[in-house]
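Enquirer: Structure file upload-v7.cif (mmCIF, C-alpha atoms and all ligand atoms) right here:
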```cif
data_input
loop_
_atom_site.label_atom_id
_atom_site.label_comp_id
_atom_site.auth_asym_id
_atom_site.auth_seq_id
_atom_site.Cartn_x
_atom_site.Cartn_y
_atom_site.Cartn_z
CA MET Q 66 -68.91 13.92 -36.62
CA ASN Q 67 -65.66 12.25 -35.88
CA ALA Q 68 -65.62 10.83 -32.42
CA PRO Q 69 -62.15 11.45 -31.05
CA GLU Q 70 -60.48 8.09 -31.47
CA LEU Q 71 -57.43 9.20 -29.60
CA THR Q 72 -56.75 7.59 -26.30
CA GLU Q 73 -53.95 8.55 -24.00
CA ASP Q 74 -52.38 5.12 -23.98
CA GLU Q 75 -51.94 4.86 -27.71
CA ASN Q 76 -50.58 8.20 -28.76
CA LEU Q 77 -48.88 9.72 -25.79
CA GLY Q 78 -45.17 9.40 -25.80
CA LEU Q 79 -41.99 10.31 -27.59
CA TYR Q 80 -41.75 10.40 -31.41
CA GLN Q 81 -38.22 10.38 -32.72
CA ARG Q 82 -36.30 10.45 -35.98
CA VAL Q 83 -32.62 10.67 -36.73
CA THR Q 84 -31.50 13.64 -38.83
CA GLU Q 85 -28.09 14.92 -39.79
CA HIS Q 86 -28.35 17.39 -36.87
CA GLY Q 87 -29.10 14.74 -34.25
CA ALA Q 88 -32.20 12.99 -32.97
CA GLU Q 89 -35.26 15.16 -33.53
CA TRP Q 90 -38.21 14.49 -31.25
CA TRP Q 91 -41.79 15.42 -30.46
CA ARG Q 92 -43.28 14.60 -27.09
CA VAL Q 93 -47.06 14.22 -26.78
CA SER Q 94 -48.56 14.56 -23.34
CA VAL Q 95 -51.95 15.45 -21.86
CA ALA Q 96 -52.50 19.21 -21.63
CA ASP Q 97 -54.08 20.98 -18.66
CA ARG Q 98 -57.15 21.78 -20.76
CA PRO Q 99 -59.48 18.75 -21.21
CA GLU Q 100 -59.32 16.92 -24.59
CA ASN Q 101 -56.19 18.85 -25.47
CA TYR Q 102 -52.65 17.70 -25.95
CA ARG Q 103 -49.35 19.31 -25.31
CA LEU Q 104 -46.70 18.98 -28.03
CA GLU Q 105 -43.05 19.72 -27.32
CA HIS Q 106 -40.28 19.62 -29.88
CA GLY Q 107 -36.50 19.50 -29.64
CA VAL Q 108 -33.30 18.20 -31.21
CA ALA Q 109 -31.09 16.02 -29.03
CA ASN Q 110 -27.47 17.04 -28.82
CA GLY Q 111 -24.54 15.23 -27.24
CA GLY Q 112 -25.99 12.99 -24.55
CA GLY Q 113 -28.90 15.26 -23.62
CA PRO Q 114 -32.39 15.84 -25.03
CA GLY Q 115 -31.54 19.44 -26.01
CA VAL Q 116 -33.77 22.45 -25.40
CA VAL Q 117 -37.51 22.53 -26.10
CA ASP Q 118 -37.85 24.93 -29.03
CA ILE Q 119 -41.56 24.42 -29.74
CA ASP Q 120 -44.19 24.03 -27.02
CA LEU Q 121 -47.86 24.15 -28.00
CA VAL Q 122 -51.28 22.86 -27.07
CA VAL Q 123 -53.57 21.31 -29.72
CA ASP Q 124 -56.93 19.57 -29.82
CA ALA Q 125 -57.49 15.95 -30.81
CA GLU Q 126 -58.10 16.66 -34.47
CA ASN Q 127 -55.03 18.76 -34.77
CA LEU Q 128 -53.00 16.05 -33.10
CA ARG Q 129 -54.26 13.44 -35.58
CA ALA Q 130 -53.04 15.60 -38.44
CA LYS Q 131 -49.69 16.03 -36.75
CA LEU Q 132 -49.35 12.28 -36.20
CA LYS Q 133 -49.94 11.65 -39.90
CA LYS Q 134 -47.39 14.25 -40.87
CA TRP Q 135 -44.78 12.89 -38.46
CA ARG Q 136 -45.27 9.37 -39.75
CA ARG Q 137 -44.61 10.65 -43.30
CA GLU Q 138 -41.51 12.44 -42.05
CA GLY Q 139 -40.11 9.28 -40.50
CA PHE Q 140 -40.88 9.80 -36.83
CA ALA Q 141 -41.36 6.56 -34.90
CA ILE Q 142 -43.15 6.33 -31.61
CA ASP Q 143 -41.46 5.27 -28.46
CA THR Q 144 -44.43 5.32 -26.10
CA ASP Q 145 -43.63 6.02 -22.50
CA LYS Q 146 -45.56 2.89 -21.62
CA ASN Q 147 -43.51 0.63 -23.88
CA ALA Q 148 -40.34 2.27 -22.73
CA SER Q 149 -41.15 1.89 -19.08
CA GLU Q 150 -42.27 -1.73 -19.53
CA GLN Q 151 -39.06 -2.46 -21.36
CA SER Q 152 -36.92 -0.78 -18.77
CA ALA Q 153 -38.74 -2.57 -15.92
CA ALA Q 154 -38.12 -5.93 -17.61
CA GLY Q 155 -34.50 -4.99 -18.30
CA ARG Q 156 -34.04 -3.92 -14.73
CA VAL Q 157 -35.15 -7.29 -13.39
CA ALA Q 158 -33.27 -9.30 -16.03
CA PHE Q 159 -29.94 -7.52 -15.59
CA MET Q 160 -28.54 -9.17 -12.47
CA PRO Q 161 -29.30 -12.82 -13.39
CA GLU Q 162 -27.87 -12.24 -16.85
CA LEU Q 163 -24.77 -10.54 -15.43
CA GLN Q 164 -24.24 -13.42 -12.99
CA ARG Q 165 -24.32 -15.93 -15.86
CA ALA Q 166 -21.93 -13.79 -17.91
CA ALA Q 167 -19.55 -13.38 -14.94
CA ALA Q 168 -19.56 -17.14 -14.29
CA ARG Q 169 -18.68 -17.78 -17.95
CA ALA Q 170 -15.92 -15.16 -17.80
CA ALA Q 171 -14.47 -16.74 -14.65
CA ALA Q 172 -14.50 -20.20 -16.24
CA ALA Q 173 -12.82 -18.93 -19.42
CA LYS Q 174 -10.14 -16.93 -17.67
CA PRO Q 175 -6.59 -17.86 -18.69
CA ARG Q 176 -4.15 -18.01 -15.79
CA PRO Q 177 -1.11 -15.84 -16.38
CA PRO Q 178 2.03 -17.97 -16.61
CA ALA Q 179 4.06 -17.85 -13.41
CA GLU Q 180 7.79 -17.44 -13.75
CA THR Q 181 8.45 -20.38 -11.50
CA GLY Q 182 5.15 -22.16 -12.08
CA GLU Q 183 4.36 -21.89 -8.38
CA THR Q 184 1.50 -19.95 -6.89
CA VAL Q 185 0.61 -18.92 -3.38
CA ARG Q 186 -2.96 -18.46 -2.15
CA ILE Q 187 -3.65 -15.00 -0.77
CA GLY Q 188 -7.24 -14.52 0.38
CA HIS Q 189 -9.26 -16.10 -2.42
CA VAL Q 190 -6.67 -15.55 -5.12
CA ASP Q 191 -3.81 -17.72 -6.45
CA VAL Q 192 -0.88 -15.40 -6.96
CA PRO Q 193 2.01 -16.52 -9.22
CA CYS Q 194 5.31 -16.52 -7.36
CA GLY Q 195 8.33 -14.53 -8.46
CA ALA Q 196 11.85 -15.85 -8.74
CA GLY Q 197 12.93 -14.30 -5.43
CA ASN Q 198 15.16 -11.27 -5.09
CA PRO Q 199 17.02 -9.42 -2.32
CA LEU Q 200 14.29 -6.77 -2.59
CA VAL Q 201 11.49 -9.14 -1.50
CA PRO Q 202 9.93 -7.52 1.63
CA ARG Q 203 9.88 -9.33 4.94
CA VAL Q 204 6.68 -11.28 5.65
CA ASN Q 205 4.70 -9.75 8.52
CA PRO Q 206 3.06 -12.84 10.04
CA ALA Q 207 0.57 -10.61 11.90
CA TYR Q 208 -0.64 -9.03 8.68
CA LEU Q 209 -4.37 -9.50 8.16
CA PHE Q 210 -5.69 -9.88 4.61
CA SER Q 211 -9.19 -8.51 4.90
CA GLY Q 212 -11.81 -9.96 2.54
CA ARG Q 213 -12.03 -6.50 0.99
CA PHE Q 214 -8.52 -6.97 -0.46
CA ASN Q 215 -9.43 -9.87 -2.79
CA ASP Q 216 -10.29 -7.62 -5.73
CA ILE Q 217 -7.01 -5.76 -5.35
CA VAL Q 218 -4.99 -8.98 -5.27
CA GLU Q 219 -6.86 -10.20 -8.35
CA ASP Q 220 -5.97 -6.96 -10.14
CA ILE Q 221 -2.31 -7.51 -9.29
CA VAL Q 222 -2.45 -10.98 -10.85
CA GLU Q 223 -4.15 -9.52 -13.94
CA ASN Q 224 -1.39 -6.94 -14.27
CA ARG Q 225 -3.66 -3.93 -13.69
CA ARG Q 226 -2.30 -0.65 -12.51
CA VAL Q 227 -3.52 -0.28 -8.94
CA MET Q 228 -3.76 2.98 -7.02
CA LEU Q 229 -4.57 2.80 -3.33
CA ILE Q 230 -5.97 5.90 -1.72
CA GLY Q 231 -6.77 6.48 1.94
CA HIS Q 232 -5.67 8.15 5.13
CA THR Q 233 -2.17 7.86 6.43
CA GLY Q 234 -1.48 4.51 8.05
CA ALA Q 235 -4.60 2.84 6.64
CA GLY Q 236 -2.39 0.10 5.21
CA LYS Q 237 -1.84 1.06 1.57
CA THR Q 238 1.87 0.37 1.31
CA SER Q 239 1.84 -2.66 3.57
CA LEU Q 240 -0.88 -4.38 1.53
CA ILE Q 241 1.26 -4.35 -1.61
CA GLU Q 242 4.40 -5.24 0.34
CA GLN Q 243 2.74 -8.18 2.06
CA VAL Q 244 1.38 -9.56 -1.23
CA ALA Q 245 4.90 -9.22 -2.67
CA ALA Q 246 6.46 -10.78 0.43
CA ARG Q 247 4.26 -13.85 0.22
CA SER Q 248 4.68 -14.25 -3.53
CA HIS Q 249 8.45 -13.54 -3.53
CA HIS Q 250 8.48 -10.41 -5.68
CA GLY Q 251 11.03 -7.67 -5.14
CA VAL Q 252 9.65 -4.22 -4.38
CA LEU Q 253 11.04 -0.76 -5.12
CA ARG Q 254 9.46 2.29 -3.53
CA SER Q 255 9.73 5.83 -4.74
CA ASN Q 256 8.25 8.63 -2.69
CA MET Q 257 7.06 11.65 -4.63
CA ASN Q 258 6.75 13.91 -1.60
CA GLY Q 259 10.32 15.09 -1.39
CA GLN Q 260 13.36 15.28 -3.53
CA THR Q 261 12.46 12.70 -6.19
CA THR Q 262 13.38 14.22 -9.55
CA VAL Q 263 12.59 12.96 -13.02
CA GLY Q 264 16.29 11.96 -13.18
CA ASP Q 265 15.93 9.69 -10.14
CA PHE Q 266 12.77 8.29 -11.60
CA VAL Q 267 13.67 7.78 -15.25
CA GLY Q 268 17.48 7.89 -15.29
CA PHE Q 269 20.39 10.21 -15.99
CA TRP Q 270 23.86 10.47 -17.57
CA THR Q 271 26.85 10.76 -15.28
CA VAL Q 272 30.63 10.64 -15.50
CA LYS Q 273 32.32 7.71 -13.82
CA GLY Q 274 36.07 7.00 -14.11
CA GLY Q 275 36.28 9.41 -17.02
CA GLU Q 276 33.48 7.67 -18.86
CA THR Q 277 29.99 8.99 -19.42
CA ILE Q 278 27.50 6.34 -18.41
CA TRP Q 279 23.72 6.08 -18.18
CA VAL Q 280 22.14 5.22 -14.85
CA ASP Q 281 18.62 3.80 -14.98
CA GLY Q 282 16.07 5.42 -12.67
CA VAL Q 283 13.66 3.37 -10.55
CA LEU Q 284 11.06 3.04 -13.30
CA PRO Q 285 13.24 1.41 -16.00
CA THR Q 286 15.02 -0.62 -13.31
CA ALA Q 287 11.73 -2.09 -12.08
CA MET Q 288 10.53 -2.64 -15.66
CA ARG Q 289 13.67 -4.46 -16.78
CA GLU Q 290 14.13 -6.55 -13.65
CA GLY Q 291 10.48 -7.45 -13.11
CA LEU Q 292 10.19 -5.67 -9.75
CA TRP Q 293 7.06 -4.18 -8.24
CA LEU Q 294 7.28 -0.39 -8.17
CA ILE Q 295 5.26 1.56 -5.60
CA VAL Q 296 4.98 5.24 -6.43
CA ASP Q 297 4.12 6.61 -2.99
CA GLU Q 298 2.22 9.88 -2.63
CA ILE Q 299 1.72 10.19 -6.36
CA ASP Q 300 -0.36 13.32 -5.80
CA PHE Q 301 2.90 15.14 -5.04
CA ALA Q 302 4.70 14.02 -8.22
CA GLU Q 303 6.18 16.48 -10.72
CA PRO Q 304 4.34 16.70 -14.06
CA SER Q 305 7.40 15.31 -15.89
CA ILE Q 306 7.28 12.18 -13.71
CA LEU Q 307 3.56 11.74 -14.36
CA ALA Q 308 4.25 12.08 -18.09
CA ALA Q 309 6.83 9.27 -17.94
CA LEU Q 310 4.42 7.13 -15.94
CA THR Q 311 1.51 7.62 -18.32
CA ALA Q 312 3.43 5.75 -21.02
CA VAL Q 313 3.62 2.58 -18.93
CA LEU Q 314 0.11 2.65 -17.55
CA GLU Q 315 -1.13 0.31 -20.26
CA PRO Q 316 -0.50 -3.30 -19.16
CA HIS Q 317 2.24 -3.79 -21.77
CA GLY Q 318 3.10 -0.12 -22.13
CA ARG Q 319 6.74 0.55 -22.97
CA LEU Q 320 8.94 3.33 -21.77
CA VAL Q 321 10.93 5.43 -24.21
CA LEU Q 322 14.12 6.85 -22.70
CA LYS Q 323 14.31 10.04 -24.72
CA GLU Q 324 17.49 11.14 -22.93
CA LYS Q 325 19.14 7.89 -23.97
CA GLY Q 326 18.61 8.09 -27.72
CA ASN Q 327 15.00 6.90 -27.50
CA GLU Q 328 15.91 3.51 -26.09
CA ILE Q 329 12.78 1.44 -25.57
CA VAL Q 330 12.28 -0.36 -22.27
CA THR Q 331 9.87 -3.29 -22.53
CA PRO Q 332 8.33 -4.42 -19.24
CA HIS Q 333 9.37 -7.77 -17.78
CA PRO Q 334 6.23 -9.93 -17.31
CA ALA Q 335 6.59 -9.73 -13.52
CA PHE Q 336 6.77 -5.92 -13.48
CA ARG Q 337 3.89 -4.29 -11.60
CA LEU Q 338 3.14 -0.66 -11.00
CA PHE Q 339 1.33 0.75 -7.96
CA ALA Q 340 0.60 4.19 -6.65
CA THR Q 341 -0.59 5.42 -3.30
CA ALA Q 342 -2.14 8.77 -2.43
CA ASN Q 343 -3.88 10.40 0.50
CA ALA Q 344 -6.01 13.06 -1.11
CA VAL Q 345 -6.99 11.97 -4.63
CA GLY Q 346 -10.43 11.29 -6.10
CA ALA Q 347 -12.83 10.18 -3.39
CA MET Q 348 -10.30 11.42 -0.82
CA SER Q 349 -10.15 14.94 -2.33
CA GLN Q 350 -12.41 16.21 0.46
CA PHE Q 351 -9.42 15.76 2.82
CA ARG Q 352 -6.96 17.73 0.72
CA HIS Q 353 -6.65 20.41 3.38
CA LEU Q 354 -5.08 17.77 5.67
CA TYR Q 355 -2.41 16.81 3.15
CA GLN Q 356 -0.91 20.13 2.23
CA GLY Q 357 0.71 20.49 -1.15
CA ALA Q 358 -1.12 17.53 -2.73
CA ASN Q 359 -2.03 18.08 -6.36
CA LEU Q 360 -5.40 17.31 -7.85
CA MET Q 361 -5.05 14.50 -10.37
CA ASN Q 362 -7.09 14.78 -13.52
CA GLU Q 363 -9.70 12.16 -14.29
CA ALA Q 364 -8.05 11.04 -17.52
CA PHE Q 365 -4.99 10.08 -15.46
CA LEU Q 366 -7.07 8.42 -12.75
CA ASP Q 367 -9.01 6.47 -15.38
CA ARG Q 368 -5.80 4.65 -16.28
CA TRP Q 369 -5.77 3.07 -12.82
CA ARG Q 370 -7.98 0.87 -10.73
CA VAL Q 371 -8.39 3.16 -7.76
CA TYR Q 372 -9.27 1.59 -4.40
CA LEU Q 373 -10.23 3.53 -1.33
CA LEU Q 374 -8.63 1.76 1.59
CA ASP Q 375 -10.35 2.46 4.86
CA TYR Q 376 -8.95 1.61 8.26
CA LEU Q 377 -9.51 -1.93 9.44
CA THR Q 378 -12.71 -2.53 11.40
CA PRO Q 379 -12.33 -2.59 15.22
CA ALA Q 380 -12.67 -6.40 15.21
CA GLU Q 381 -9.97 -6.74 12.53
CA GLU Q 382 -7.74 -4.27 14.29
CA ALA Q 383 -8.09 -6.14 17.58
CA ASP Q 384 -6.97 -9.29 15.74
CA VAL Q 385 -3.95 -7.45 14.36
CA LEU Q 386 -3.05 -6.16 17.84
CA LEU Q 387 -3.29 -9.68 19.24
CA ALA Q 388 -1.21 -11.21 16.44
CA THR Q 389 1.39 -8.43 16.36
CA LEU Q 390 1.93 -8.25 20.11
CA ALA Q 391 1.58 -11.95 20.91
CA PRO Q 392 1.88 -13.49 23.42
CA HIS Q 393 1.37 -10.64 25.92
CA MET Q 394 -1.53 -8.78 24.34
CA THR Q 395 -4.90 -10.11 25.47
CA ARG Q 396 -8.26 -10.09 23.70
CA ALA Q 397 -9.83 -7.80 26.31
CA LEU Q 398 -7.02 -5.23 26.07
CA ALA Q 399 -7.00 -5.39 22.25
CA THR Q 400 -10.75 -4.86 22.03
CA THR Q 401 -10.58 -1.74 24.21
CA LEU Q 402 -7.63 -0.30 22.31
CA ALA Q 403 -9.33 -0.89 18.94
CA ALA Q 404 -12.46 0.85 20.28
CA ILE Q 405 -10.36 3.87 21.31
CA ALA Q 406 -8.86 4.04 17.81
CA ALA Q 407 -12.34 3.83 16.29
CA ASP Q 408 -13.59 6.68 18.52
CA CYS Q 409 -10.63 8.85 17.59
CA ARG Q 410 -11.33 8.23 13.90
CA ALA Q 411 -14.98 9.12 14.36
CA ALA Q 412 -13.88 12.38 16.02
CA PHE Q 413 -11.54 12.97 13.09
CA ALA Q 414 -14.36 12.34 10.60
CA ARG Q 415 -16.49 14.93 12.48
CA GLU Q 416 -13.45 17.26 12.26
CA ASP Q 417 -13.32 17.49 16.05
CA LEU Q 418 -9.82 16.04 15.80
CA SER Q 419 -7.40 17.27 13.18
CA SER Q 420 -5.09 14.27 13.17
CA ALA Q 421 -5.87 10.81 11.83
CA PHE Q 422 -5.40 7.80 14.09
CA SER Q 423 -3.45 5.24 12.07
CA THR Q 424 -3.06 1.52 12.66
CA ARG Q 425 0.65 2.28 12.87
CA ARG Q 426 0.04 4.69 15.76
CA LEU Q 427 -2.23 2.24 17.54
CA LEU Q 428 0.28 -0.61 17.30
CA ASP Q 429 3.09 1.61 18.51
CA TRP Q 430 1.06 2.91 21.45
CA ALA Q 431 0.03 -0.63 22.43
CA GLU Q 432 3.59 -1.89 22.24
CA LEU Q 433 4.86 0.90 24.45
CA MET Q 434 1.96 0.37 26.83
CA LEU Q 435 2.98 -3.27 27.32
CA ARG Q 436 6.49 -2.07 28.16
CA THR Q 437 5.49 0.73 30.53
CA GLY Q 438 2.27 -0.71 31.93
CA ASP Q 439 0.91 2.82 31.67
CA PRO Q 440 -1.38 3.93 28.81
CA GLU Q 441 -0.93 7.62 29.61
CA ARG Q 442 2.86 7.47 29.71
CA ALA Q 443 2.91 5.37 26.51
CA ALA Q 444 0.61 7.86 24.81
CA GLY Q 445 3.19 10.63 25.28
CA PRO Q 446 5.71 9.62 22.60
CA ALA Q 447 3.27 7.48 20.59
CA ILE Q 448 0.42 10.01 20.32
CA TYR Q 449 0.37 13.27 22.32
CA ALA Q 450 3.73 14.64 21.22
CA LYS Q 451 2.68 14.24 17.56
CA VAL Q 452 -0.52 16.28 17.74
CA SER Q 453 -1.67 19.73 18.85
CA PRO Q 454 -2.41 20.31 22.57
CA GLU Q 455 -6.14 20.54 21.73
CA ASP Q 456 -6.07 17.21 19.92
CA ALA Q 457 -4.05 15.65 22.75
CA ALA Q 458 -6.65 16.79 25.28
CA LEU Q 459 -9.47 15.34 23.21
CA ILE Q 460 -7.69 12.01 22.71
CA ARG Q 461 -6.89 11.90 26.44
CA GLY Q 462 -10.62 12.31 27.11
CA ILE Q 463 -11.47 9.43 24.75
CA ILE Q 464 -8.87 7.20 26.40
CA ARG Q 465 -10.22 8.03 29.91
CA HIS Q 466 -13.68 7.22 28.68
CA HIS Q 467 -12.51 3.66 27.91
CA ILE Q 468 -9.88 3.14 30.63
CA ALA Q 469 -10.55 3.92 34.30
CA PRO Q 470 -7.42 4.97 36.18
CA THR Q 471 -6.15 2.58 38.87
CA ALA Q 472 -6.85 3.55 42.46
CA ASP Q 473 -3.22 4.55 43.13
CA ALA Q 474 -2.89 6.59 39.93
N1 LIG O 1 -4.15 -5.37 7.39
C1 LIG O 1 -3.19 -5.13 8.28
N2 LIG O 1 -2.73 -6.10 9.07
C2 LIG O 1 -1.75 -5.84 9.96
N3 LIG O 1 -1.16 -4.66 10.12
C3 LIG O 1 -1.56 -3.66 9.36
C4 LIG O 1 -2.60 -3.82 8.39
N4 LIG O 1 -2.78 -2.65 7.78
C5 LIG O 1 -1.92 -1.79 8.31
N5 LIG O 1 -1.18 -2.37 9.26
C6 LIG O 1 -0.13 -1.77 10.06
O1 LIG O 1 -0.17 -0.38 9.89
C7 LIG O 1 1.10 0.10 9.48
C8 LIG O 1 0.89 1.23 8.53
O2 LIG O 1 0.44 0.76 7.29
P1 LIG O 1 1.01 1.33 5.92
O3 LIG O 1 2.39 1.83 6.07
O4 LIG O 1 0.75 0.31 4.90
O5 LIG O 1 0.03 2.55 5.76
P2 LIG O 1 -0.09 3.57 4.54
O6 LIG O 1 -1.54 3.62 4.21
O7 LIG O 1 0.85 3.21 3.47
O8 LIG O 1 0.30 4.92 5.24
P3 LIG O 1 0.97 6.26 4.62
O9 LIG O 1 -0.10 6.99 3.89
O10 LIG O 1 1.37 7.00 5.85
O11 LIG O 1 2.10 5.81 3.77
C9 LIG O 1 1.81 -1.10 8.87
O12 LIG O 1 3.18 -1.05 9.02
C10 LIG O 1 1.25 -2.24 9.67
O13 LIG O 1 2.00 -2.42 10.84
MG MG O 2 2.48 4.27 2.67
#
```
What is this file in structure tokens?

Expert:
Amino acid sequence: MNAPELTEDENLGLYQRVTEHGAEWWRVSVADRPENYRLEHGVANGGGPGVVDIDLVVDAENLRAKLKKWRREGFAIDTDKNASEQSAAGRVAFMPELQRAAARAAAAKPRPPAETGETVRIGHVDVPCGAGNPLVPRVNPAYLFSGRFNDIVEDIVENRRVMLIGHTGAGKTSLIEQVAARSHHGVLRSNMNGQTTVGDFVGFWTVKGGETIWVDGVLPTAMREGLWLIVDEIDFAEPSILAALTAVLEPHGRLVLKEKGNEIVTPHPAFRLFATANAVGAMSQFRHLYQGANLMNEAFLDRWRVYLLDYLTPAEEADVLLATLAPHMTRALATTLAAIAADCRAAFAREDLSSAFSTRRLLDWAELMLRTGDPERAAGPAIYAKVSPEDAALIRGIIRHHIAPTADA
């Protein structure tokens, strides 16, 4: 009599071989019946294991015969135990190894040559300075570079295409403008939610003084002159504009002006391309709030680094209020106002409120409040008149919750 020499540990698992149709496999597991084994068979397709096309239960002897046959046919075992031990070890080893690799990558990183050789430190990043240009935005001294922005600034230095998504007034445009302002780069903005045509964007022929001349659109202008181009509300752009953009999404991607006899526009080294959107990707859930926004396909999004920009935290926003409205704003007032903004945003996230509460709105309300000395009166033009009566009532309730009326009010 043959004592069954099979033990679970040794023979259970996945047996695989590569065939011209894909990876063929048998899985051996313990069957419900004692001393019996369940055999499942399939052919992997694409990324998945494929369907189980054979599913049977055999005894130990039968399994031994199968094992012999599979070995002859070129099946190799990948026991679940080995696999799980390997994956547990890999799981633990991954982070230390990644940290070493990242440190080596950081040490080996070549610094892009700056036009003027000068750099300015923004957050943790040294940003090469531009040559200066009338289109350099004004520095906002009250602008707060949150630690979360370091990766974005690094991407700008590396000449990545950066798309910032987030609610209105979260600070998408101002982040790019303030990096440009501090590093002396000129900025062009083109808003896709309106009358921007492919002619405005790429260029067009026109007659001037009896002569037919070509006028560059914003894209070739920015590319030739080394400006930073912000394509605002890209989710509203016409397909023909997106097609022109796709060509320059590679870091050194060139633009072909088909209308101008296929002239090739090569990007100036200082050229940078940005996009902003309210309702793309991770923000798609809010599309109903931004009517008319188009869904962007993933292949297009994959050509960008897409950052979701949330509103500043209440502590950060209080700092911005203090810095923007110095010297009259006080810490106590700023803290309360930032808390009101945070409560309104929470109500918006719960869909109790249908309008977002932007940093822009908060700053404007606070400024008017300092002039009028009356939060309610200031809220009229800064908030209430911009929202529905229901929203205004809810916001008024939130404000009253934080600010008790004076005795004579
Ligand atoms: N980090 C910040 N520090 C100081 N002020 C800020 C900051 N972020 C935003 N703001 C203020 O909020 C205003 C609105 O920001 P910005 O115009 O950049 O928003 P946005 O996300 O581009 O909005 P929209 O989607 O409406 O275009 C800015 O003008 C600025 O005053
Ligand atoms: Mg903007």

Enquirer: Need to verify the contact set: Ser255 (chain Q), 8 Å, all atoms listed in the file, exclusion of same-chain residues closer than 4 positions in sequence. Can you return it as a list in words?

Expert: Thr261, Phe266, Val283, Leu294, Ile295, Val296 and Asp297 of chain Q

Enquirer: So that I can check the surroundings of Leu390 (chain Q), please list as a PyMOL selection string every protein, DNA and RNA residue that reaches within 7 Å of it, counting all atoms listed in the file and ignoring chain neighbours fewer than 4 positions away.

Expert: chain Q and resi 386+394+432

Enquirer: Set the cut-off to 10 Å, count all atoms listed in the file, and list whatever residues fall near ligand LIG 1 (chain O) as a VMD selection string.

Expert: chain Q and resid 205 to 211 214 229 to 243 256 297 to 298 341 to 344 374 to 378 381 to 386 388 to 389 423 to 429

Enquirer: Extract, using only C-alpha atoms, all DNA, RNA and protein residues at most 10 Å from Gly282 (chain Q), discarding same-chain residues fewer than 3 positions from it, and format them as an MDAnalysis selection string.

Expert: chainID Q and resid 262:269 279 285:287

Enquirer: Take the residues just selected and output them with C-alpha atoms as a CSV table (one decimal), keeping the file's coordinate frame.

Expert:
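Printed below is part_21.csv as written:
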```
chain,number,residue,atom,x,y,z
Q,262,THR,CA,13.4,14.2,-9.6
Q,263,VAL,CA,12.6,13.0,-13.0
Q,264,GLY,CA,16.3,12.0,-13.2
Q,265,ASP,CA,15.9,9.7,-10.1
Q,266,PHE,CA,12.8,8.3,-11.6
Q,267,VAL,CA,13.7,7.8,-15.2
Q,268,GLY,CA,17.5,7.9,-15.3
Q,269,PHE,CA,20.4,10.2,-16.0
Q,279,TRP,CA,23.7,6.1,-18.2
Q,285,PRO,CA,13.2,1.4,-16.0
Q,286,THR,CA,15.0,-0.6,-13.3
Q,287,ALA,CA,11.7,-2.1,-12.1
```

Enquirer: Measuring atom to atom with all atoms listed in the file, identify which of Q:Leu354, Q:Leu360, Q:Ile299, Q:Asn224 is nearest to ligand MG 2 (chain O).

Expert: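 Checking each candidate against ligand MG 2 (chain O), we get Q:Ile299 as the closest.
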
Enquirer: Under the rule that only C-alpha atoms and all ligand atoms are counted, which of Q:His249, Q:Ile468, Q:Met257, Q:Val83 is the nearest residue to ligand MG 2 (chain O)?

Expert: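 Using only C-alpha atoms and all ligand atoms, the shortest distance to ligand MG 2 (chain O) belongs to Q:Met257.
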
Enquirer: Rounded to one decimal in Å, what is the spacing between CA of Leu132 (chain Q) and CA of Asn101 (chain Q)?

Expert: 14.3 Å

Enquirer: Which residue out of Q:Pro379, Q:Asn258, Q:Ala309, Q:Ala404 has the minimum interatomic distance to ligand MG 2 (chain O) when all atoms listed in the file are used?

Expert: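 Between Q:Pro379, Q:Asn258, Q:Ala309, Q:Ala404, the residue approaching ligand MG 2 (chain O) most closely is Q:Asn258.
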
Enquirer: For ligand MG 2 (chain O), which residue out of Q:Ile187, Q:Phe339, Q:Phe140, Q:Ile306 is the nearest one, using only C-alpha atoms and all ligand atoms?

Expert: Q:Phe339

Enquirer: Take CA of Glu303 (chain Q) and CA of Leu322 (chain Q) and report the distance between them in Å, one decimal.

Expert: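 About the pair CA of Glu303 (chain Q) and CA of Leu322 (chain Q): they are 17.3 Å apart.
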
Enquirer: With only C-alpha atoms and all ligand atoms as the basis for distance, which of Q:Gly195, Q:Tyr80, Q:Glu219, Q:Met228 is at the shortest distance from ligand MG 2 (chain O)?

Expert: Q:Met228

Enquirer: Could you pull the residues within 12 Å of Thr331 (chain Q), counting all atoms listed in the file, minus those fewer than 5 positions along the same chain, as a list in words?

Expert: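 So the residues in contact are Leu284, Pro285, Thr286, Ala287, Met288, Arg289, Glu290, Gly291, Ala312, Val313, Glu315, Pro316, His317, Gly318, Arg319, Leu320, Val321, Leu322 and Phe336 of chain Q.
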
Enquirer: How far is it from CA of Pro446 (chain Q) to CA of Thr401 (chain Q), in Å with one decimal?

Expert: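 Separation of CA of Pro446 (chain Q) and CA of Thr401 (chain Q): 19.9 Å.
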
Enquirer: Please determine, counting all atoms listed in the file, which residue among Q:Arg254, Q:Arg98, Q:Arg103, Q:His86 has the shortest atom-to-atom distance to ligand MG 2 (chain O).

Expert: Q:Arg254

Enquirer: Around (3.6, -16.3, -9.0) in the file's frame, which residues reach within 12 Å when counting all atoms listed in the file? Return as a VMD selection string?

Expert: chain Q and resid 176 to 187 190 to 197 218 221 to 224 244 to 250 291 334 to 336

Enquirer: For the point (-42.8, 5.3, -35.0) in file coordinates, what residues are within 12 Å, counting only C-alpha atoms? Give the answer as an NGL selection string?

Expert: :Q and (75-83 or 90-91 or 132-144)
